[in-house]
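Trainee: Input my_file.cif, format and content: mmCIF, C-alpha atoms.
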data_structure
loop_
_atom_site.label_atom_id
_atom_site.label_comp_id
_atom_site.auth_asym_id
_atom_site.auth_seq_id
_atom_site.Cartn_x
_atom_site.Cartn_y
_atom_site.Cartn_z
CA MET D 21 72.74 143.37 116.53
CA ILE D 22 76.03 142.78 114.74
CA ALA D 23 76.31 139.53 112.83
CA ILE D 24 79.65 137.71 112.69
CA VAL D 25 79.55 135.50 109.62
CA ASP D 26 80.39 131.89 110.48
CA TYR D 27 81.25 129.86 107.39
CA GLY D 28 83.66 127.41 109.00
CA VAL D 29 86.76 129.53 108.46
CA GLY D 30 88.88 130.55 111.42
CA ASN D 31 88.46 131.16 115.08
CA LEU D 32 85.70 133.60 116.00
CA PHE D 33 86.24 133.54 119.76
CA SER D 34 88.39 136.67 119.97
CA LEU D 35 86.27 138.71 117.61
CA LYS D 36 83.13 137.87 119.54
CA SER D 37 84.92 138.64 122.83
CA SER D 38 86.23 141.98 121.65
CA LEU D 39 82.77 143.12 120.58
CA ALA D 40 81.39 141.94 123.90
CA ALA D 41 84.06 144.04 125.62
CA LEU D 42 82.70 147.01 123.65
CA GLY D 43 79.21 146.25 124.95
CA GLN D 44 77.93 145.19 121.54
CA GLU D 45 75.32 142.53 121.00
CA THR D 46 76.63 139.98 118.49
CA LEU D 47 75.41 136.83 116.87
CA VAL D 48 77.77 134.32 115.28
CA THR D 49 75.73 133.00 112.40
CA GLY D 50 75.85 131.08 109.16
CA ASP D 51 72.23 131.89 108.38
CA ALA D 52 71.37 134.25 105.50
CA GLU D 53 68.10 135.36 107.12
CA THR D 54 69.96 136.45 110.28
CA LEU D 55 72.38 138.51 108.16
CA HIS D 56 69.31 140.16 106.65
CA ARG D 57 68.07 141.15 110.14
CA ALA D 58 71.49 142.32 111.39
CA ASP D 59 72.33 146.02 111.69
CA LYS D 60 75.93 145.44 110.66
CA ILE D 61 77.97 142.52 109.40
CA LEU D 62 81.51 141.38 110.19
CA LEU D 63 83.11 138.96 107.76
CA PRO D 64 86.17 137.31 109.39
CA GLY D 65 88.39 134.66 107.87
CA VAL D 66 91.69 132.84 108.11
CA GLY D 67 93.03 130.43 105.53
CA ALA D 68 93.17 130.30 101.74
CA PHE D 69 91.16 132.59 99.45
CA GLY D 70 89.74 129.98 97.08
CA ASP D 71 88.64 127.64 99.82
CA ALA D 72 86.88 130.43 101.73
CA ALA D 73 85.20 131.87 98.62
CA GLU D 74 83.93 128.40 97.79
CA LYS D 75 82.52 127.94 101.30
CA LEU D 76 80.64 131.26 101.01
CA ARG D 77 79.19 130.21 97.67
CA ALA D 78 78.27 126.71 98.80
CA THR D 79 76.25 128.10 101.70
CA GLY D 80 74.63 130.91 99.70
CA LEU D 81 76.11 133.40 102.15
CA ASP D 82 77.91 135.17 99.30
CA THR D 83 74.60 136.40 97.88
CA ALA D 84 73.29 137.36 101.32
CA ILE D 85 76.43 139.41 102.07
CA VAL D 86 76.50 141.11 98.68
CA ASP D 87 72.76 141.93 98.86
CA ALA D 88 73.14 143.40 102.34
CA ALA D 89 76.17 145.49 101.32
CA ARG D 90 74.52 146.74 98.12
CA GLY D 91 71.47 147.65 100.23
CA GLY D 92 73.67 149.97 102.30
CA LYS D 93 74.30 147.79 105.38
CA PRO D 94 77.69 148.45 107.00
CA LEU D 95 80.04 145.52 106.33
CA MET D 96 83.58 144.99 107.59
CA GLY D 97 85.85 142.24 106.32
CA ILE D 98 88.78 141.19 108.49
CA CYS D 99 92.02 139.61 107.21
CA LEU D 100 90.92 137.00 104.63
CA GLY D 101 87.41 138.47 105.06
CA MET D 102 88.77 141.77 103.70
CA GLN D 103 90.48 140.03 100.81
CA LEU D 104 87.19 138.36 99.84
CA LEU D 105 85.60 141.79 99.26
CA PHE D 106 87.67 142.22 96.08
CA ASP D 107 87.08 140.98 92.52
CA ARG D 108 89.52 138.10 92.58
CA GLY D 109 92.35 136.41 94.45
CA PHE D 110 95.47 134.61 93.22
CA GLU D 111 96.19 132.15 96.04
CA TYR D 112 96.62 128.62 94.62
CA GLY D 113 95.06 129.63 91.28
CA GLU D 114 92.62 132.38 90.40
CA HIS D 115 89.36 132.63 92.34
CA ALA D 116 86.43 135.05 92.19
CA GLY D 117 85.73 137.21 95.21
CA LEU D 118 82.58 139.17 96.16
CA SER D 119 83.41 142.17 93.92
CA LEU D 120 82.21 144.72 96.49
CA ILE D 121 85.46 146.69 96.12
CA PRO D 122 87.41 146.83 92.83
CA GLY D 123 90.83 145.24 93.07
CA GLU D 124 92.60 141.92 93.39
CA VAL D 125 94.52 139.94 95.99
CA ARG D 126 98.11 139.08 95.08
CA PRO D 127 101.20 137.56 96.79
CA ILE D 128 103.18 139.98 98.96
CA ALA D 129 106.31 138.41 97.45
CA GLU D 130 105.61 140.28 94.19
CA VAL D 131 106.19 143.68 95.78
CA ILE D 132 108.58 143.34 98.72
CA PRO D 133 112.37 142.77 98.69
CA PRO D 134 113.30 139.07 98.87
CA ALA D 135 115.22 139.54 102.14
CA LEU D 136 111.99 140.27 104.06
CA LYS D 137 110.19 137.40 105.70
CA ILE D 138 106.82 136.11 104.53
CA PRO D 139 104.22 136.09 106.03
CA HIS D 140 104.19 139.70 107.14
CA ILE D 141 103.65 138.87 110.79
CA GLY D 142 103.65 141.13 113.83
CA TRP D 143 102.80 144.68 114.84
CA ASN D 144 103.14 147.36 112.21
CA ALA D 145 102.23 151.05 112.09
CA LEU D 146 99.27 152.40 110.13
CA ARG D 147 99.80 155.19 107.61
CA PHE D 148 96.53 156.92 106.77
CA ALA D 149 95.42 158.00 103.32
CA GLU D 150 95.25 161.75 102.70
CA LYS D 151 91.66 161.92 103.89
CA LYS D 152 91.34 160.25 107.31
CA SER D 153 88.59 157.62 107.39
CA PRO D 154 85.95 157.90 110.14
CA LEU D 155 86.93 154.31 110.98
CA PHE D 156 90.12 155.77 112.48
CA ARG D 157 88.49 158.57 114.45
CA TYR D 158 89.63 157.14 117.79
CA ILE D 159 93.21 156.33 116.77
CA ARG D 160 96.27 158.19 115.52
CA GLU D 161 98.49 157.73 112.50
CA GLY D 162 101.45 155.60 113.50
CA ASP D 163 99.44 153.43 115.89
CA CYS D 164 100.38 149.76 115.53
CA VAL D 165 98.08 146.86 114.69
CA TYR D 166 98.70 143.11 114.39
CA PHE D 167 99.15 141.55 110.94
CA VAL D 168 99.48 137.96 109.74
CA HIS D 169 99.25 137.60 105.97
CA SER D 170 101.10 136.50 102.83
CA PHE D 171 98.77 138.13 100.28
CA TYR D 172 97.74 141.76 99.90
CA ALA D 173 95.08 143.81 98.12
CA ALA D 174 96.35 145.38 94.88
CA LYS D 175 94.89 147.74 92.29
CA CYS D 176 92.50 149.24 94.81
CA GLY D 177 94.28 152.61 95.13
CA GLU D 178 91.34 154.95 95.52
CA ASP D 179 89.68 152.87 98.24
CA VAL D 180 92.79 152.41 100.39
CA ILE D 181 92.38 154.21 103.72
CA ALA D 182 95.57 152.92 105.36
CA THR D 183 98.81 151.19 104.46
CA ALA D 184 101.60 149.49 106.43
CA GLU D 185 105.23 149.78 105.33
CA TYR D 186 106.92 146.41 104.82
CA GLY D 187 109.42 146.93 102.05
CA ALA D 188 106.46 148.38 100.15
CA PRO D 189 103.29 150.15 101.29
CA LEU D 190 100.94 147.20 101.76
CA THR D 191 97.18 147.77 101.85
CA ALA D 192 96.19 147.72 105.52
CA ALA D 193 92.57 148.91 105.29
CA VAL D 194 90.07 149.82 102.60
CA GLN D 195 86.71 151.53 102.48
CA ARG D 196 84.17 152.05 99.74
CA GLY D 197 81.01 153.62 101.07
CA ASN D 198 79.42 151.31 103.63
CA VAL D 199 81.88 148.49 102.91
CA CYS D 200 85.25 148.43 104.66
CA GLY D 201 87.98 145.95 105.44
CA CYS D 202 91.08 145.51 107.60
CA GLN D 203 93.98 143.31 106.53
CA PHE D 204 95.16 143.27 110.16
CA HIS D 205 93.33 141.73 113.10
CA PRO D 206 91.58 144.48 115.11
CA GLU D 207 90.47 141.83 117.62
CA LYS D 208 94.17 141.11 118.32
CA SER D 209 95.44 144.69 118.18
CA GLY D 210 94.88 145.75 121.76
CA ARG D 211 93.42 149.17 122.53
CA VAL D 212 93.93 150.43 118.96
CA GLY D 213 92.07 147.49 117.45
CA LEU D 214 89.17 147.87 119.87
CA ALA D 215 88.97 151.58 118.97
CA ILE D 216 88.63 150.71 115.30
CA LEU D 217 85.90 148.15 116.03
CA LYS D 218 84.15 150.71 118.24
CA ALA D 219 84.14 153.22 115.39
CA PHE D 220 82.65 150.60 113.09
CA CYS D 221 79.98 149.59 115.60
CA GLU D 222 78.74 153.11 116.35
CA MET I 26 108.39 148.78 109.47
CA ILE I 27 107.45 145.76 111.50
CA THR I 28 108.27 146.24 115.18
CA LYS I 29 110.33 143.95 117.39
CA ARG I 30 108.08 142.02 119.75
CA ILE I 31 108.52 141.75 123.51
CA ILE I 32 106.91 138.63 124.92
CA PRO I 33 106.49 137.77 128.61
CA CYS I 34 106.06 134.09 129.31
CA LEU I 35 103.92 132.76 132.15
CA ASP I 36 104.12 129.24 133.59
CA VAL I 37 100.71 128.05 134.69
CA LYS I 38 100.03 125.14 137.02
CA ASP I 39 96.48 124.11 137.88
CA GLY I 40 95.26 127.38 136.43
CA ARG I 41 97.59 129.56 138.52
CA VAL I 42 100.79 131.37 137.60
CA VAL I 43 103.79 129.86 139.36
CA LYS I 44 107.33 131.18 139.95
CA GLY I 45 106.25 133.73 142.52
CA VAL I 46 105.48 136.89 140.69
CA ASN I 47 106.16 140.06 142.60
CA PHE I 48 104.15 143.14 141.72
CA GLN I 49 102.69 146.02 143.57
CA GLY I 50 99.09 146.85 142.90
CA LEU I 51 97.90 143.44 141.80
CA SER I 52 95.35 141.93 144.11
CA ASP I 53 96.11 138.40 142.97
CA VAL I 54 99.63 137.91 141.67
CA SER I 55 99.04 134.34 140.61
CA SER I 56 95.95 135.03 138.51
CA PRO I 57 96.74 134.58 134.80
CA VAL I 58 93.92 137.01 134.01
CA GLU I 59 95.24 139.82 136.21
CA LEU I 60 98.85 139.29 135.19
CA GLY I 61 97.94 139.01 131.52
CA GLN I 62 96.01 142.27 131.77
CA TYR I 63 98.93 143.92 133.55
CA TYR I 64 101.36 142.90 130.81
CA SER I 65 98.96 143.79 128.03
CA ASP I 66 98.41 147.26 129.54
CA SER I 67 102.14 147.81 129.94
CA GLY I 68 102.84 147.06 126.28
CA ALA I 69 103.57 143.35 125.91
CA ASP I 70 103.18 142.48 122.23
CA GLU I 71 102.13 138.92 122.83
CA LEU I 72 101.72 136.57 125.78
CA VAL I 73 102.88 132.99 126.11
CA PHE I 74 101.22 130.66 128.58
CA TYR I 75 102.95 127.37 129.34
CA ASP I 76 100.77 124.78 130.98
CA ILE I 77 103.09 122.84 133.27
CA THR I 78 100.30 120.73 134.73
CA ALA I 79 100.44 117.00 134.34
CA SER I 80 96.94 115.97 135.42
CA SER I 81 93.79 116.11 133.31
CA GLU I 82 92.07 118.09 136.07
CA GLY I 83 94.90 120.63 135.88
CA ARG I 84 94.50 120.87 132.13
CA ARG I 85 90.79 121.55 132.51
CA LEU I 86 91.59 124.37 134.94
CA PHE I 87 94.11 125.67 132.40
CA THR I 88 91.61 125.85 129.55
CA ASP I 89 89.03 127.49 131.83
CA ILE I 90 91.51 130.20 132.73
CA LEU I 91 92.70 130.54 129.13
CA THR I 92 89.12 131.22 128.06
CA GLU I 93 88.92 133.91 130.71
CA VAL I 94 92.21 135.48 129.56
CA ALA I 95 91.12 135.45 125.91
CA ARG I 96 87.84 137.13 126.84
CA THR I 97 89.60 140.11 128.37
CA ILE I 98 92.97 140.49 126.62
CA PHE I 99 93.11 141.37 122.94
CA ILE I 100 96.69 140.69 121.91
CA PRO I 101 98.02 137.46 120.41
CA LEU I 102 98.11 134.54 122.85
CA THR I 103 100.39 131.56 122.44
CA VAL I 104 99.88 128.40 124.42
CA GLY I 105 102.39 125.62 125.01
CA GLY I 106 103.03 122.74 127.34
CA GLY I 107 102.09 119.13 126.78
CA ILE I 108 100.85 119.60 123.21
CA SER I 109 101.07 116.16 121.62
CA THR I 110 98.03 115.73 119.38
CA LEU I 111 95.70 117.63 117.07
CA ASP I 112 93.10 117.31 119.84
CA ASP I 113 95.43 119.32 122.07
CA PHE I 114 95.60 122.03 119.40
CA ASP I 115 91.83 121.99 119.10
CA ARG I 116 91.33 122.22 122.85
CA VAL I 117 93.41 125.38 123.33
CA LEU I 118 92.43 127.11 120.08
CA LYS I 119 88.75 126.77 120.99
CA CYS I 120 89.54 128.60 124.23
CA GLY I 121 90.95 131.58 122.39
CA ALA I 122 94.64 130.80 121.80
CA ASP I 123 95.99 132.18 118.52
CA LYS I 124 99.12 130.07 118.27
CA VAL I 125 100.20 126.78 119.75
CA SER I 126 103.79 125.94 120.54
CA VAL I 127 105.06 122.39 120.25
CA ASN I 128 108.25 120.99 121.71
CA SER I 129 108.60 117.41 123.02
CA GLY I 130 105.36 116.40 121.28
CA ALA I 131 106.85 117.34 117.92
CA ILE I 132 110.13 115.58 118.72
CA ARG I 133 108.18 112.37 119.40
CA ASN I 134 106.01 112.87 116.33
CA PRO I 135 107.24 115.44 113.78
CA ARG I 136 104.13 114.81 111.65
CA LEU I 137 102.21 116.73 114.32
CA ILE I 138 103.69 119.97 112.90
CA PHE I 139 102.61 119.08 109.37
CA GLU I 140 99.10 117.99 110.35
CA ALA I 141 98.50 121.03 112.55
CA ALA I 142 99.84 123.46 109.93
CA LYS I 143 97.60 121.88 107.32
CA ARG I 144 94.53 122.18 109.52
CA TYR I 145 95.09 125.53 111.22
CA GLY I 146 97.65 127.26 108.99
CA ASP I 147 101.41 127.73 109.40
CA GLN I 148 100.90 130.94 111.38
CA CYS I 149 99.31 128.91 114.15
CA VAL I 150 102.18 126.47 114.73
CA VAL I 151 105.20 127.60 116.75
CA LEU I 152 108.16 125.25 117.08
CA SER I 153 109.84 125.69 120.43
CA ALA I 154 113.29 124.13 120.74
CA ASP I 155 115.42 123.77 123.88
CA VAL I 156 118.99 123.78 122.64
CA LYS I 157 122.30 123.11 124.40
CA ARG I 158 125.88 122.75 123.25
CA VAL I 159 127.26 119.25 123.70
CA ASP I 160 130.91 118.87 122.69
CA GLY I 161 130.60 122.00 120.57
CA VAL I 162 127.48 120.89 118.71
CA PHE I 163 123.98 122.36 119.16
CA ARG I 164 121.74 119.54 120.36
CA VAL I 165 117.97 119.47 120.88
CA PHE I 166 116.80 118.55 124.35
CA ALA I 167 113.35 117.19 125.19
CA LYS I 168 111.22 117.00 128.33
CA GLY I 169 111.89 120.51 129.53
CA GLY I 170 115.60 120.33 128.77
CA ARG I 171 116.24 117.15 130.74
CA GLU I 172 116.81 114.69 127.92
CA ASN I 173 119.36 114.92 125.11
CA THR I 174 117.64 113.71 121.95
CA GLY I 175 120.95 113.52 120.10
CA MET I 176 119.45 115.51 117.22
CA GLU I 177 121.49 118.38 115.80
CA ALA I 178 119.47 121.50 116.54
CA ILE I 179 119.76 123.53 113.34
CA ALA I 180 118.77 120.54 111.21
CA TRP I 181 115.79 119.86 113.49
CA ILE I 182 114.60 123.46 113.36
CA LYS I 183 114.94 123.52 109.56
CA LYS I 184 112.94 120.32 109.36
CA GLY I 185 110.24 121.78 111.63
CA VAL I 186 109.92 124.84 109.39
CA GLU I 187 109.75 122.65 106.29
CA LEU I 188 106.96 120.67 107.96
CA GLY I 189 105.02 123.91 108.44
CA ALA I 190 106.07 125.68 111.65
CA GLY I 191 105.36 129.38 111.12
CA GLU I 192 107.62 130.65 113.90
CA VAL I 193 110.50 129.31 115.97
CA VAL I 194 111.28 129.91 119.64
CA VAL I 195 114.94 129.20 120.35
CA ASN I 196 115.56 128.63 124.03
CA SER I 197 119.23 128.31 124.86
CA ILE I 198 119.71 126.03 127.85
CA ASP I 199 123.29 127.31 128.07
CA THR I 200 122.24 130.89 128.75
CA ASP I 201 118.86 130.26 130.41
CA GLY I 202 118.82 131.53 133.99
CA VAL I 203 122.36 132.92 133.73
CA LYS I 204 121.10 136.46 133.02
CA ARG I 205 124.16 137.48 131.03
CA GLY I 206 122.40 137.96 127.74
CA PHE I 207 120.81 135.97 124.95
CA ASP I 208 122.73 133.27 123.11
CA LEU I 209 123.73 135.36 120.10
CA GLU I 210 125.83 132.66 118.44
CA MET I 211 122.99 130.13 118.57
CA LEU I 212 120.39 132.67 117.41
CA ASP I 213 122.55 133.77 114.52
CA ALA I 214 122.92 130.16 113.41
CA VAL I 215 119.12 129.65 113.51
CA CYS I 216 118.36 132.94 111.72
CA SER I 217 120.75 131.97 108.94
CA ALA I 218 119.01 128.63 108.53
CA VAL I 219 115.31 129.55 108.43
CA SER I 220 113.21 132.34 106.93
CA VAL I 221 110.31 132.33 109.42
CA PRO I 222 110.22 134.64 112.46
CA VAL I 223 112.68 133.68 115.21
CA ILE I 224 111.94 134.39 118.87
CA ALA I 225 114.92 134.55 121.23
CA SER I 226 114.58 133.01 124.67
CA GLY I 227 116.93 132.34 127.57
CA GLY I 228 119.46 134.62 129.16
CA ALA I 229 117.92 138.08 129.40
CA GLY I 230 119.20 139.76 132.55
CA GLY I 231 118.40 143.37 131.79
CA ILE I 232 117.36 145.94 129.23
CA GLY I 233 120.82 146.04 127.66
CA ASP I 234 120.56 142.39 126.68
CA PHE I 235 117.53 143.11 124.50
CA VAL I 236 119.26 146.09 122.88
CA THR I 237 122.32 143.92 122.15
CA LEU I 238 120.10 141.14 120.81
CA PHE I 239 118.26 143.27 118.25
CA LYS I 240 121.33 145.32 117.30
CA THR I 241 123.61 142.32 116.81
CA ILE I 242 121.07 140.10 115.06
CA PRO I 243 118.52 142.32 113.30
CA ARG I 244 116.84 139.23 111.86
CA VAL I 245 115.56 138.19 115.30
CA ASP I 246 111.90 139.17 115.51
CA ALA I 247 111.13 138.95 119.19
CA GLY I 248 112.59 138.54 122.66
CA LEU I 249 110.92 136.32 125.21
CA ALA I 250 111.57 136.32 128.95
CA ALA I 251 109.89 135.33 132.18
CA SER I 252 111.48 136.07 135.52
CA ILE I 253 113.00 139.49 134.75
CA PHE I 254 109.51 140.73 133.91
CA HIS I 255 107.77 138.90 136.74
CA PHE I 256 110.16 140.22 139.37
CA GLY I 257 109.94 143.73 137.99
CA GLU I 258 113.68 143.86 137.24
CA VAL I 259 112.71 145.04 133.78
CA THR I 260 109.45 146.81 133.01
CA ILE I 261 108.15 146.69 129.47
CA PRO I 262 107.69 150.49 129.11
CA ALA I 263 111.31 151.09 130.18
CA LEU I 264 112.54 148.33 127.89
CA LYS I 265 110.64 149.72 124.91
CA ALA I 266 111.86 153.25 125.60
CA ALA I 267 115.46 152.00 125.58
CA LEU I 268 114.93 150.07 122.36
CA LYS I 269 113.39 153.13 120.73
CA GLU I 270 116.36 155.25 121.83
CA ASN I 271 118.58 152.75 120.07
CA LYS I 272 116.55 153.12 116.87
CA ILE I 273 115.00 149.67 117.18
CA PRO I 274 111.36 149.82 116.05
CA VAL I 275 108.88 148.99 118.81
CA ARG I 276 105.15 149.34 119.32
CA GLU I 277 104.25 152.05 121.78
CA VAL I 278 101.07 151.71 123.78
#
Would you write the structure of this file as structure tokens?

Mentor:
Amino acid sequence: MIAIVDYGVGNLFSLKSSLAALGQETLVTGDAETLHRADKILLPGVGAFGDAAEKLRATGLDTAIVDAARGGKPLMGICLGMQLLFDRGFEYGEHAGLSLIPGEVRPIAEVIPPALKIPHIGWNALRFAEKKSPLFRYIREGDCVYFVHSFYAAKCGEDVIATAEYGAPLTAAVQRGNVCGCQFHPEKSGRVGLAILKAFCE
Amino acid sequence: MITKRIIPCLDVKDGRVVKGVNFQGLSDVSSPVELGQYYSDSGADELVFYDITASSEGRRLFTDILTEVARTIFIPLTVGGGISTLDDFDRVLKCGADKVSVNSGAIRNPRLIFEAAKRYGDQCVVLSADVKRVDGVFRVFAKGGRENTGMEAIAWIKKGVELGAGEVVVNSIDTDGVKRGFDLEMLDAVCSAVSVPVIASGGAGGIGDFVTLFKTIPRVDAGLAASIFHFGEVTIPALKAALKENKIPVREV
């Protein structure tokens, strides 16, 4: 069973539906014990970093997620869920993340030319890191996925498995052992997104 | 680089697609689920569903069908039509919509944009404006383009973005249905005024109109159309191939 962490942030309907389309058994849960029993964990999220980090802490889910990940359980963060995997985020102040992957989450505006629009919204192509991650085994370099974000993961060079070019190479996906994350929305990225979720689920 | 989006728009009444869609190989041409799947498979980057139902029973049918669409189609879904309150946002987002477009509801109550953006994020709120030239001035029209609000359009769109709209759909009443191309002058004026994504609507008659749109105004992010897609005058794969040939970045499926 794959647990989708429900901590009151964002709409989980599409993520649940996309896993159902892949024939996966899922449970949307805000219960630490259920995360403990799950085979894999998906951490979604939409909204602001500090607010989401606080909600995870208030419910004790932060500890449950970190324990599971440190114990070797596969974990995927999506969008804000990916950003929460890092040490800290700088959205409306500085906030601590889960520190499962070294790095920090900073405004896109710091690295892209001012003429480009923010948020980075729409379909953009994935550029893989030198060594292709198994997460991408069913897709090709150049395949497009759907992004909506104004912040990006910085200082995480060695764990970056894909970038998207938007005036600068923005971190699109990261992986460190059993912990991975997608800045884009695989559940909204058509066939390519489903193929990435399938690779994670297997 | 971010790709230019191609967005088919479907009008739904009592849970069925209206405006007689004409496709071979679809068993039910008025099923939003089948049509949505068809467009998604052929490379649509996003789908817009407008609920043109007036009754509460019709709205219930709409949300039932939206749920079904969202269960089977995994590209961004935008819903519009009769959105006047936060409850309306809540109702369609729970059924799997990703974005909600507001038009007359926001004209009546601009605070709706602010409240919705605060609750669901800017990326969720799309301001759709029906615009027409009156004595040489761009004016906003309400109620499906029937009523001149008297508001100057560029100022209204700027205000909507300041209130939190994350994207803008500009529908030119002057070019809508004429099929001689998008309203480049109007779109250029909007693109110069706001920094959020702008979606062009109204006037597409063929593939060349999309090429002209993105070449003339590179700041436009997406092109939206209904009948030319529904009647098969333009297929999305052919459109995307032509855009690619003209060095306009598109997502290939």

Trainee: Skip Val48 (chain D) itself and residues of its chain fewer than 2 positions away, then list as a PDB file with C-alpha atoms, in the coordinates of the input all residues within 12 Å of it, counting all atoms listed in the file.

Mentor:
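out-v8.pdb written:
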ATOM      1  CA  MET D  21      72.740 143.370 116.530  1.00  0.00           C
ATOM      2  CA  ILE D  22      76.030 142.780 114.740  1.00  0.00           C
ATOM      3  CA  ALA D  23      76.310 139.530 112.830  1.00  0.00           C
ATOM      4  CA  ILE D  24      79.650 137.710 112.690  1.00  0.00           C
ATOM      5  CA  VAL D  25      79.550 135.500 109.620  1.00  0.00           C
ATOM      6  CA  ASP D  26      80.390 131.890 110.480  1.00  0.00           C
ATOM      7  CA  TYR D  27      81.250 129.860 107.390  1.00  0.00           C
ATOM      8  CA  GLY D  28      83.660 127.410 109.000  1.00  0.00           C
ATOM      9  CA  ASN D  31      88.460 131.160 115.080  1.00  0.00           C
ATOM     10  CA  LEU D  32      85.700 133.600 116.000  1.00  0.00           C
ATOM     11  CA  PHE D  33      86.240 133.540 119.760  1.00  0.00           C
ATOM     12  CA  SER D  34      88.390 136.670 119.970  1.00  0.00           C
ATOM     13  CA  LEU D  35      86.270 138.710 117.610  1.00  0.00           C
ATOM     14  CA  LYS D  36      83.130 137.870 119.540  1.00  0.00           C
ATOM     15  CA  SER D  37      84.920 138.640 122.830  1.00  0.00           C
ATOM     16  CA  LEU D  39      82.770 143.120 120.580  1.00  0.00           C
ATOM     17  CA  GLU D  45      75.320 142.530 121.000  1.00  0.00           C
ATOM     18  CA  THR D  46      76.630 139.980 118.490  1.00  0.00           C
ATOM     19  CA  GLY D  50      75.850 131.080 109.160  1.00  0.00           C
ATOM     20  CA  ASP D  51      72.230 131.890 108.380  1.00  0.00           C
ATOM     21  CA  ALA D  52      71.370 134.250 105.500  1.00  0.00           C
ATOM     22  CA  THR D  54      69.960 136.450 110.280  1.00  0.00           C
ATOM     23  CA  LEU D  55      72.380 138.510 108.160  1.00  0.00           C
ATOM     24  CA  ALA D  58      71.490 142.320 111.390  1.00  0.00           C
ATOM     25  CA  ILE D  61      77.970 142.520 109.400  1.00  0.00           C
ATOM     26  CA  LEU D  62      81.510 141.380 110.190  1.00  0.00           C
ATOM     27  CA  LEU D  63      83.110 138.960 107.760  1.00  0.00           C
ATOM     28  CA  PRO D  64      86.170 137.310 109.390  1.00  0.00           C
TER      29      PRO D  64
END

Trainee: Smallest atom-to-atom distance to Leu86 (chain I): which of I:Asp39, I:Glu270, I:Glu140, I:Asp147, using all atoms listed in the file?

Mentor: I:Asp39

Trainee: Written as number ranges by chain, what is the full residue list that the PyMOL selection byres ((chain D and resi 69) around 8) yields on the file shown?

Mentor: D: 67-68, 70-73, 100, 103-104, 109-111, 115

Trainee: Counting all atoms listed in the file, which residues from chain D have an atom at most 7 Å from any atom of chain I, and could you show them as JSON, numbers by chain?

Mentor: {"D": [33, 34, 37, 67, 137, 142, 143, 144, 164, 185, 186, 207, 208, 209, 210]}

Trainee: Could you list the residues chosen by the PyMOL selection byres ((chain D and resi 197) around 10) in this structure as a ChimeraX atom specification?

Mentor: /D:89-90,92-95,121,179,194-196,198-200

Trainee: The residues within 9 Å of (92.5, 140.5, 95.8), using only C-alpha atoms and the coordinates of the file, should be reported as a list in words; which are they?

Mentor: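 Here is the list of nearby residues: Phe69, Met102, Gln103, Leu104, Leu105, Phe106, Asp107, Arg108, Gly109, Phe110, Ala116, Gly117, Pro122, Gly123, Glu124, Val125, Arg126, Phe171, Tyr172, Ala173, Ala174, Lys175 and Cys176 of chain D.
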
Trainee: Mind checking which residues fall within 9 Å of region 151-162 of chain D, counting only C-alpha atoms, ignoring those fewer than 2 positions away in the same chain, and posting them as a PyMOL selection string?

Mentor: chain D and resi 144-149+164+181-182+195+200+212-213+215-220

Trainee: Output the residue selection produced by the PyMOL selection byres ((chain I and resi 208) around 10) on the file above, formatted as a PyMOL selection string.

Mentor: chain I and resi 195-201+205-207+209-213+225-229+238

Trainee: CA of Val117 (chain I) and CA of Thr88 (chain I) are how many Å apart?

Mentor: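 Result for CA of Val117 (chain I) versus CA of Thr88 (chain I): 6.5 Å, one decimal.
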
Trainee: As an exercise, work out the distance from CA of Pro133 (chain D) to CA of Ala188 (chain D) in Å and give it to one decimal place.

Mentor: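 It comes out at 8.3 Å.
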